[in-house]
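Data from structure-v7.cif: mmCIF, C-alpha atoms
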```cif
data_upload
loop_
_atom_site.group_PDB
_atom_site.id
_atom_site.type_symbol
_atom_site.label_atom_id
_atom_site.label_comp_id
_atom_site.auth_asym_id
_atom_site.auth_seq_id
_atom_site.Cartn_x
_atom_site.Cartn_y
_atom_site.Cartn_z
ATOM 1 C CA MET J 1 -24.467 75.950 168.543
ATOM 2 C CA MET J 2 -21.295 75.910 166.488
ATOM 3 C CA GLN J 3 -18.153 74.494 168.078
ATOM 4 C CA ILE J 4 -14.782 76.089 167.510
ATOM 5 C CA CYS J 5 -12.126 73.530 166.717
ATOM 6 C CA ASP J 6 -8.395 74.158 166.660
ATOM 7 C CA SER J 7 -7.690 73.088 163.112
ATOM 8 C CA TYR J 8 -4.575 73.573 161.015
ATOM 9 C CA SER J 9 -6.003 76.681 159.359
ATOM 10 C CA GLN J 10 -6.624 78.293 162.744
ATOM 11 C CA LYS J 11 -2.937 77.928 163.530
ATOM 12 C CA TYR J 12 -2.445 81.081 161.489
ATOM 13 C CA SER J 13 -5.281 83.086 163.016
ATOM 14 C CA LEU J 14 -4.424 86.379 164.657
ATOM 15 C CA PHE J 15 -6.467 85.454 167.704
ATOM 16 C CA ASN J 16 -4.424 82.288 168.270
ATOM 17 C CA ALA J 17 -1.164 84.169 167.652
ATOM 18 C CA MET J 18 -2.164 86.708 170.313
ATOM 19 C CA ASN J 19 -3.108 83.917 172.726
ATOM 20 C CA ARG J 20 0.232 82.151 172.145
ATOM 21 C CA PHE J 21 2.098 85.416 172.740
ATOM 22 C CA ILE J 22 0.128 86.266 175.889
ATOM 23 C CA GLY J 23 0.635 82.706 177.167
ATOM 24 C CA ALA J 24 4.389 82.870 176.524
ATOM 25 C CA VAL J 25 4.656 86.238 178.302
ATOM 26 C CA ASN J 26 2.550 84.975 181.212
ATOM 27 C CA ASN J 27 4.842 81.935 181.466
ATOM 28 C CA MET J 28 7.877 84.243 181.337
ATOM 29 C CA ASP J 29 6.338 86.481 184.012
ATOM 30 C CA GLN J 30 5.627 83.507 186.301
ATOM 31 C CA THR J 31 9.096 82.053 185.760
ATOM 32 C CA VAL J 32 11.045 85.266 186.302
ATOM 33 C CA MET J 33 10.636 85.693 190.041
ATOM 34 C CA VAL J 34 13.281 88.410 190.410
ATOM 35 C CA PRO J 35 13.269 90.582 187.275
ATOM 36 C CA SER J 36 16.113 92.744 188.587
ATOM 37 C CA LEU J 37 18.439 89.761 188.082
ATOM 38 C CA LEU J 38 17.981 90.324 184.347
ATOM 39 C CA ARG J 39 19.643 93.738 184.471
ATOM 40 C CA ASP J 40 22.932 93.949 182.584
ATOM 41 C CA VAL J 41 22.563 90.347 181.369
ATOM 42 C CA PRO J 42 22.864 90.500 177.583
ATOM 43 C CA LEU J 43 20.611 88.414 175.402
ATOM 44 C CA LEU J 44 22.841 86.809 172.806
ATOM 45 C CA LEU J 45 21.911 87.546 169.212
ATOM 46 C CA GLU J 46 22.377 83.926 168.214
ATOM 47 C CA GLU J 47 19.709 82.989 170.771
ATOM 48 C CA LEU J 48 17.287 85.405 169.140
ATOM 49 C CA ASP J 49 18.332 84.326 165.647
ATOM 50 C CA ALA J 50 17.811 80.665 166.554
ATOM 51 C CA ALA J 51 14.345 81.565 167.796
ATOM 52 C CA GLY J 52 13.541 83.352 164.569
ATOM 53 C CA GLY J 53 13.815 86.889 165.857
ATOM 54 C CA VAL J 54 16.389 89.191 164.377
ATOM 55 C CA CYS J 55 17.828 91.974 166.467
ATOM 56 C CA PRO J 56 19.849 94.250 164.173
ATOM 57 C CA GLU J 57 21.296 96.373 166.984
ATOM 58 C CA ARG J 58 24.834 95.244 167.693
ATOM 59 C CA ASP J 59 27.329 96.663 170.105
ATOM 60 C CA PRO J 60 30.079 98.327 168.060
ATOM 61 C CA ALA J 61 32.508 98.030 170.992
ATOM 62 C CA LEU J 62 32.887 94.285 170.465
ATOM 63 C CA PRO J 63 35.679 93.198 168.145
ATOM 64 C CA PRO J 64 34.575 92.031 164.685
ATOM 65 C CA ALA J 65 36.769 88.899 164.966
ATOM 66 C CA ASN J 66 34.260 87.454 167.436
ATOM 67 C CA ALA J 67 31.166 88.002 165.268
ATOM 68 C CA GLY J 68 29.153 85.220 166.943
ATOM 69 C CA ALA J 69 29.475 86.870 170.351
ATOM 70 C CA TYR J 70 27.748 90.132 169.475
ATOM 71 C CA PHE J 71 25.135 91.124 171.979
ATOM 72 C CA SER J 72 22.120 93.287 171.444
ATOM 73 C CA ARG J 73 22.363 96.679 173.140
ATOM 74 C CA ARG J 74 19.393 95.831 175.303
ATOM 75 C CA ASP J 75 19.772 93.631 178.317
ATOM 76 C CA MET J 76 17.361 90.859 179.245
ATOM 77 C CA TYR J 77 15.538 93.176 181.635
ATOM 78 C CA SER J 78 14.639 95.642 178.883
ATOM 79 C CA HIS J 79 13.411 92.764 176.685
ATOM 80 C CA TYR J 80 11.378 91.488 179.629
ATOM 81 C CA MET J 81 9.782 94.892 180.216
ATOM 82 C CA LEU J 82 9.118 95.386 176.488
ATOM 83 C CA LEU J 83 7.344 92.030 176.189
ATOM 84 C CA LYS J 84 5.208 92.750 179.268
ATOM 85 C CA SER J 85 4.332 96.190 177.910
ATOM 86 C CA ILE J 86 3.234 94.743 174.564
ATOM 87 C CA ARG J 87 1.152 92.124 176.358
ATOM 88 C CA ASN J 88 -0.570 94.866 178.374
ATOM 89 C CA ASP J 89 -1.240 96.849 175.188
ATOM 90 C CA ILE J 90 -2.858 93.786 173.593
ATOM 91 C CA GLU J 91 -4.953 92.980 176.656
ATOM 92 C CA TRP J 92 -5.993 96.514 177.641
ATOM 93 C CA GLY J 93 -5.558 98.543 174.470
ATOM 94 C CA VAL J 94 -3.121 101.329 173.751
ATOM 95 C CA VAL J 95 -3.356 104.699 175.427
ATOM 96 C CA GLN J 96 -5.273 107.115 173.225
ATOM 97 C CA GLN J 97 -3.530 110.220 171.933
ATOM 98 C CA GLN J 98 -4.375 113.644 173.242
ATOM 99 C CA ALA J 99 -7.544 115.022 171.628
ATOM 100 C CA GLY J 100 -5.674 118.103 170.393
ATOM 101 C CA GLU J 101 -3.084 116.080 168.499
ATOM 102 C CA GLU J 102 -5.765 113.966 166.848
ATOM 103 C CA ALA J 103 -7.830 117.012 165.844
ATOM 104 C CA GLY J 104 -4.734 118.599 164.292
ATOM 105 C CA ARG J 105 -4.137 115.523 162.151
ATOM 106 C CA LYS J 106 -7.731 115.514 160.927
ATOM 107 C CA LYS J 107 -7.431 119.161 159.903
ATOM 108 C CA ASP J 108 -4.277 118.351 157.907
ATOM 109 C CA LYS J 109 -6.095 115.575 156.064
ATOM 110 C CA LEU J 110 -9.029 117.818 155.208
ATOM 111 C CA SER J 111 -6.954 120.775 154.000
ATOM 112 C CA GLY J 112 -7.819 120.022 150.349
ATOM 113 C CA GLY J 113 -11.380 121.258 150.906
ATOM 114 C CA PRO J 114 -14.623 119.294 151.214
ATOM 115 C CA ALA J 115 -15.705 119.637 147.546
ATOM 116 C CA ALA J 116 -12.424 118.222 146.255
ATOM 117 C CA ASP J 117 -12.589 115.358 148.740
ATOM 118 C CA ILE J 118 -16.162 114.446 147.709
ATOM 119 C CA SER J 119 -15.367 114.359 143.991
ATOM 120 C CA ARG J 120 -12.202 112.340 144.593
ATOM 121 C CA GLY J 121 -14.093 110.044 146.983
ATOM 122 C CA LEU J 122 -16.761 109.179 144.404
ATOM 123 C CA ALA J 123 -14.194 108.322 141.727
ATOM 124 C CA GLU J 124 -11.981 106.264 144.035
ATOM 125 C CA ASP J 125 -14.693 104.462 146.017
ATOM 126 C CA GLY J 126 -14.156 101.057 144.395
ATOM 127 C CA GLU J 127 -10.392 101.448 144.457
ATOM 128 C CA ALA J 128 -10.459 102.499 148.103
ATOM 129 C CA GLU J 129 -12.361 99.372 149.155
ATOM 130 C CA GLU J 130 -9.883 97.159 147.301
ATOM 131 C CA ASP J 131 -7.015 99.152 148.779
ATOM 132 C CA LEU J 132 -8.444 98.758 152.298
ATOM 133 C CA GLU J 133 -8.685 95.020 151.834
ATOM 134 C CA LYS J 134 -5.076 94.830 150.642
ATOM 135 C CA GLN J 135 -3.932 97.007 153.537
ATOM 136 C CA PHE J 136 -5.849 94.863 155.999
ATOM 137 C CA HIS J 137 -4.289 91.632 154.714
ATOM 138 C CA TYR J 138 -0.847 93.208 154.626
ATOM 139 C CA HIS J 139 -1.082 94.441 158.219
ATOM 140 C CA LEU J 140 -2.749 91.247 159.446
ATOM 141 C CA SER J 141 0.091 89.190 157.988
ATOM 142 C CA GLY J 142 2.674 91.551 159.451
ATOM 143 C CA LEU J 143 1.044 91.523 162.880
ATOM 144 C CA HIS J 144 0.952 87.725 162.874
ATOM 145 C CA THR J 145 4.655 87.604 161.967
ATOM 146 C CA VAL J 146 5.587 90.118 164.675
ATOM 147 C CA LEU J 147 3.544 88.276 167.312
ATOM 148 C CA SER J 148 5.212 84.984 166.367
ATOM 149 C CA LYS J 149 8.663 86.550 166.724
ATOM 150 C CA LEU J 150 7.742 88.143 170.054
ATOM 151 C CA THR J 151 6.413 84.800 171.305
ATOM 152 C CA ARG J 152 9.713 83.143 170.422
ATOM 153 C CA LYS J 153 11.578 86.004 172.127
ATOM 154 C CA ALA J 154 9.543 85.492 175.336
ATOM 155 C CA ASN J 155 10.288 81.759 175.252
ATOM 156 C CA VAL J 156 14.010 82.392 174.692
ATOM 157 C CA LEU J 157 14.115 84.873 177.563
ATOM 158 C CA THR J 158 12.323 82.413 179.862
ATOM 159 C CA ASN J 159 14.739 79.611 178.991
ATOM 160 C CA ARG J 160 17.746 81.899 179.335
ATOM 161 C CA TYR J 161 16.555 83.045 182.776
ATOM 162 C CA LYS J 162 16.266 79.421 183.841
ATOM 163 C CA GLN J 163 19.844 78.828 182.676
ATOM 164 C CA GLU J 164 21.099 81.924 184.491
ATOM 165 C CA ILE J 165 19.600 80.875 187.825
ATOM 166 C CA GLY J 166 20.620 77.237 187.325
ATOM 167 C CA CYS J 167 17.223 75.569 186.970
ATOM 168 C CA SER J 168 16.567 72.620 184.708
ATOM 169 C CA SER J 169 14.574 73.257 181.519
ATOM 170 C CA SER J 170 11.551 71.313 182.797
ATOM 171 C CA TRP J 171 11.159 73.512 185.899
ATOM 172 C CA GLY J 172 7.904 75.419 186.072
ATOM 173 C CA GLN J 173 6.189 73.611 183.224
#
```

Please go through the file and, once you have read it, give me the structure as structure tokens.
Amino acid sequence: MMQICDSYSQKYSLFNAMNRFIGAVNNMDQTVMVPSLLRDVPLLLEELDAAGGVCPERDPALPPANAGAYFSRRDMYSHYMLLKSIRNDIEWGVVQQQAGEEAGRKKDKLSGGPAADISRGLAEDGEAEEDLEKQFHYHLSGLHTVLSKLTRKANVLTNRYKQEIGCSSSWGQ
């Protein structure tokens, strides 16, 4: 039987990135005992920037002279709910679209006619496989990056909640 070891190369695996994200959100969920306390509490952009996540939405009502004090338009509660929702989507899958919508999309793709699709398919078969591989690596890399940023966001939110309620940083760990 082959053992799975947590080597340096596995640090960048999608599976481990998902586990880190789910663990960070679970930690956040266990730490945040009263989520309603997060309502109307802004998450500072510099906190997200320091954690590696960039939130481009800035409140235009704040004066430009105090650029470091810009807040994202979302409060901590909406970030909390978003992170939990993404965790649920990863664990349970996303809700499938209505069958009618999906059938309509397939009809749009096939509107060129079956004979044209077959002749194009034979000529582009090798290119399509290479293209699929490139697309897979592109999306895999992007998903890993997004999961890493979301993990940092969950950790920032957890630490910020602890600060807001006055707990030390070692509480709950």

What are the centre and the three edge lengths of an axis-aligned box that wraps all atoms of segment 152-157 of chain J in the file, given that 6 Å is added to every side, written as JSON and rounded to one decimal in Å?
```
{"center_x": 11.8, "center_y": 83.9, "center_z": 174.0, "size_x": 16.6, "size_y": 16.2, "size_z": 19.1}
```

**Request:** Please evaluate the PyMOL selection byres ((chain J and resi 153-157) around 8) against the displayed coordinates and give the resulting residues as JSON, numbers by chain.
**Result:** {"J": [21, 24, 25, 28, 43, 47, 48, 51, 53, 76, 79, 80, 83, 149, 150, 151, 152, 158, 159, 160, 161]}

**Message:** Show me the residues around (0.2, 80.5, 162.9) - criterion: an atom at most 12 Å away, all atoms listed in the file counted - as a list of chain:residue names.
**Reply:** J:Asp6, J:Ser7, J:Tyr8, J:Ser9, J:Gln10, J:Lys11, J:Tyr12, J:Ser13, J:Leu14, J:Phe15, J:Asn16, J:Ala17, J:Met18, J:Asn19, J:Arg20, J:Phe21, J:Leu140, J:Ser141, J:Gly142, J:Leu143, J:His144, J:Thr145, J:Val146, J:Leu147, J:Ser148, J:Lys149, J:Thr151

Would you write out those residues with C-alpha atoms, as a compact mmCIF listing (two decimals), in the coordinates of the input?
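Just written: selection.txt:
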```
# COMPACT_ATOMS: atom_id res chain seq x y z
CA ASP J 6 -8.40 74.16 166.66
CA SER J 7 -7.69 73.09 163.11
CA TYR J 8 -4.58 73.57 161.01
CA SER J 9 -6.00 76.68 159.36
CA GLN J 10 -6.62 78.29 162.74
CA LYS J 11 -2.94 77.93 163.53
CA TYR J 12 -2.44 81.08 161.49
CA SER J 13 -5.28 83.09 163.02
CA LEU J 14 -4.42 86.38 164.66
CA PHE J 15 -6.47 85.45 167.70
CA ASN J 16 -4.42 82.29 168.27
CA ALA J 17 -1.16 84.17 167.65
CA MET J 18 -2.16 86.71 170.31
CA ASN J 19 -3.11 83.92 172.73
CA ARG J 20 0.23 82.15 172.14
CA PHE J 21 2.10 85.42 172.74
CA LEU J 140 -2.75 91.25 159.45
CA SER J 141 0.09 89.19 157.99
CA GLY J 142 2.67 91.55 159.45
CA LEU J 143 1.04 91.52 162.88
CA HIS J 144 0.95 87.72 162.87
CA THR J 145 4.66 87.60 161.97
CA VAL J 146 5.59 90.12 164.68
CA LEU J 147 3.54 88.28 167.31
CA SER J 148 5.21 84.98 166.37
CA LYS J 149 8.66 86.55 166.72
CA THR J 151 6.41 84.80 171.30
```

**Request:** Figure out the distance between atom CA of Met81 of chain J and atom CA of Val41 of chain J, please, to one decimal in Å.
**Result:** 13.6 Å

**Request:** Enter the distance from atom CA of Pro42 of chain J to atom CA of Arg87 of chain J, in Å, rounded to one decimal.
**Result:**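 Atom-to-atom, atom CA of Pro42 of chain J to atom CA of Arg87 of chain J, that is 21.8 Å.
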
**Item:** Between atom CA of Ser78 of chain J and atom CA of Trp92 of chain J - distance in Å to one decimal
**Value:**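 One can read the atom CA of Trp92 of chain J to atom CA of Ser78 of chain J distance as 20.7 Å.
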
**Request:** Pick out the closest residue to Asp29 of chain J from this set: J:Val95, J:Leu44, J:Lys84, J:Lys162. Count all atoms listed in the file.
**Result:**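 So, comparing all the options, the nearest one is J:Lys84.
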
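Proximity to Asp40 of chain J was assessed for J:Arg74, J:Asn26, J:Ser85, J:Glu130 counting only C-alpha atoms; the smallest distance is recorded for J:Arg74.
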
Can you complete the atoms of segment 16-35 of chain J to N, CA and C atoms and list them as a compact mmCIF listing (two decimals), in the frame of the given file?
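Generated output (result_22.txt):
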```
# COMPACT_ATOMS: atom_id res chain seq x y z
N ASN J 16 -5.28 83.32 167.69
CA ASN J 16 -4.42 82.29 168.27
C ASN J 16 -3.00 82.78 168.45
N ALA J 17 -2.51 83.60 167.52
CA ALA J 17 -1.16 84.17 167.65
C ALA J 17 -1.09 85.06 168.89
N MET J 18 -2.14 85.86 169.12
CA MET J 18 -2.16 86.71 170.31
C MET J 18 -2.23 85.86 171.57
N ASN J 19 -3.03 84.80 171.56
CA ASN J 19 -3.11 83.92 172.73
C ASN J 19 -1.78 83.22 173.01
N ARG J 20 -1.08 82.78 171.95
CA ARG J 20 0.23 82.15 172.14
C ARG J 20 1.21 83.15 172.74
N PHE J 21 1.20 84.38 172.23
CA PHE J 21 2.10 85.42 172.74
C PHE J 21 1.79 85.73 174.20
N ILE J 22 0.52 85.95 174.51
CA ILE J 22 0.13 86.27 175.89
C ILE J 22 0.48 85.11 176.82
N GLY J 23 0.27 83.88 176.36
CA GLY J 23 0.64 82.71 177.17
C GLY J 23 2.13 82.63 177.41
N ALA J 24 2.93 82.91 176.37
CA ALA J 24 4.39 82.87 176.52
C ALA J 24 4.86 83.96 177.49
N VAL J 25 4.26 85.15 177.40
CA VAL J 25 4.66 86.24 178.30
C VAL J 25 4.19 85.95 179.72
N ASN J 26 3.01 85.36 179.88
CA ASN J 26 2.55 84.98 181.21
C ASN J 26 3.48 83.93 181.81
N ASN J 27 3.90 82.95 181.01
CA ASN J 27 4.84 81.94 181.47
C ASN J 27 6.16 82.59 181.87
N MET J 28 6.65 83.52 181.04
CA MET J 28 7.88 84.24 181.34
C MET J 28 7.72 85.01 182.65
N ASP J 29 6.58 85.68 182.83
CA ASP J 29 6.34 86.48 184.01
C ASP J 29 6.28 85.62 185.27
N GLN J 30 5.70 84.41 185.15
CA GLN J 30 5.63 83.51 186.30
C GLN J 30 6.98 82.87 186.60
N THR J 31 7.79 82.67 185.58
CA THR J 31 9.10 82.05 185.76
C THR J 31 10.10 83.03 186.34
N VAL J 32 10.09 84.26 185.85
CA VAL J 32 11.04 85.27 186.30
C VAL J 32 10.54 85.83 187.63
N MET J 33 11.07 85.29 188.71
CA MET J 33 10.64 85.69 190.04
C MET J 33 11.32 86.98 190.50
N VAL J 34 12.53 87.22 190.02
CA VAL J 34 13.28 88.41 190.41
C VAL J 34 13.75 89.10 189.13
N PRO J 35 12.91 89.95 188.55
CA PRO J 35 13.27 90.58 187.28
C PRO J 35 14.56 91.40 187.34
```
